[in-house]
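Input: a single structure, listed below in structure tokens.
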Amino acid sequence: MRLGIFAGCLALVWGLVRLRVLPAGLGDANLAWVVLLALVISAPLSFVLLRKQRDEMSVQISGRVEGAKDRLAANRSQEDEVDDAARAR
């Protein structure tokens, strides 16, 4: 989705430069200017527009981390029980 937002901004900036609404940069720096300006515009847009998706992914990842922690704790307790039983003999 971020790549799509960047591509849209790149097309928009390129069009505005071709129409001479925005300056074309200095010398041969036209392509670098267009890409840099598109990056600067797309970064805050993606931050705002993709907030919902970012929050959903955060919930999914934190759920997976909690599940992994629970499985690790269960494995540790099983190992401790076996070790304690072996030492008791």
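Letters A, B, ... go to the chains of the structure tokens in the order shown; residues in each chain start at 1; ligands are counted from 1 in the same order.
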Output as a ChimeraX atom specification all residues of chain A that backbone DSSP marks as helix (DSSP H, G or I). /A:2-18,30-49,51-88
I want to know what sits within 9 Å of A:Gly8, based on only C-alpha atoms, with residues of the same chain fewer than 5 positions away left out; could you give that as a ChimeraX atom specification? /A:3,13,38,42
Could you dump the residues just selected with all heavy atoms as an mmCIF file, in the first residue's frame?
```cif
data_model
loop_
_atom_site.group_PDB
_atom_site.id
_atom_site.type_symbol
_atom_site.label_atom_id
_atom_site.label_comp_id
_atom_site.auth_asym_id
_atom_site.auth_seq_id
_atom_site.Cartn_x
_atom_site.Cartn_y
_atom_site.Cartn_z
ATOM 1 N N LEU A 3 3.802 1.471 -1.315
ATOM 2 C CA LEU A 3 4.358 1.588 -2.659
ATOM 3 C C LEU A 3 3.339 2.214 -3.606
ATOM 4 O O LEU A 3 3.701 3.031 -4.461
ATOM 5 C CB LEU A 3 4.797 0.211 -3.169
ATOM 6 C CG LEU A 3 5.545 0.187 -4.480
ATOM 7 C CD1 LEU A 3 6.814 1.006 -4.381
ATOM 8 C CD2 LEU A 3 5.867 -1.240 -4.863
ATOM 9 N N VAL A 13 3.681 14.266 -8.976
ATOM 10 C CA VAL A 13 4.793 15.224 -9.000
ATOM 11 C C VAL A 13 5.393 15.292 -10.402
ATOM 12 O O VAL A 13 5.695 16.381 -10.906
ATOM 13 C CB VAL A 13 5.859 14.843 -7.953
ATOM 14 C CG1 VAL A 13 7.115 15.659 -8.130
ATOM 15 C CG2 VAL A 13 5.297 15.032 -6.549
ATOM 16 N N ALA A 38 8.434 13.301 -4.246
ATOM 17 C CA ALA A 38 7.395 12.284 -4.089
ATOM 18 C C ALA A 38 7.551 11.555 -2.763
ATOM 19 O O ALA A 38 6.557 11.242 -2.094
ATOM 20 C CB ALA A 38 7.450 11.296 -5.250
ATOM 21 N N SER A 42 4.726 11.492 0.058
ATOM 22 C CA SER A 42 4.079 10.211 0.341
ATOM 23 C C SER A 42 4.287 9.739 1.785
ATOM 24 O O SER A 42 3.445 8.997 2.301
ATOM 25 C CB SER A 42 4.574 9.133 -0.623
ATOM 26 O OG SER A 42 5.923 8.810 -0.384
#
```
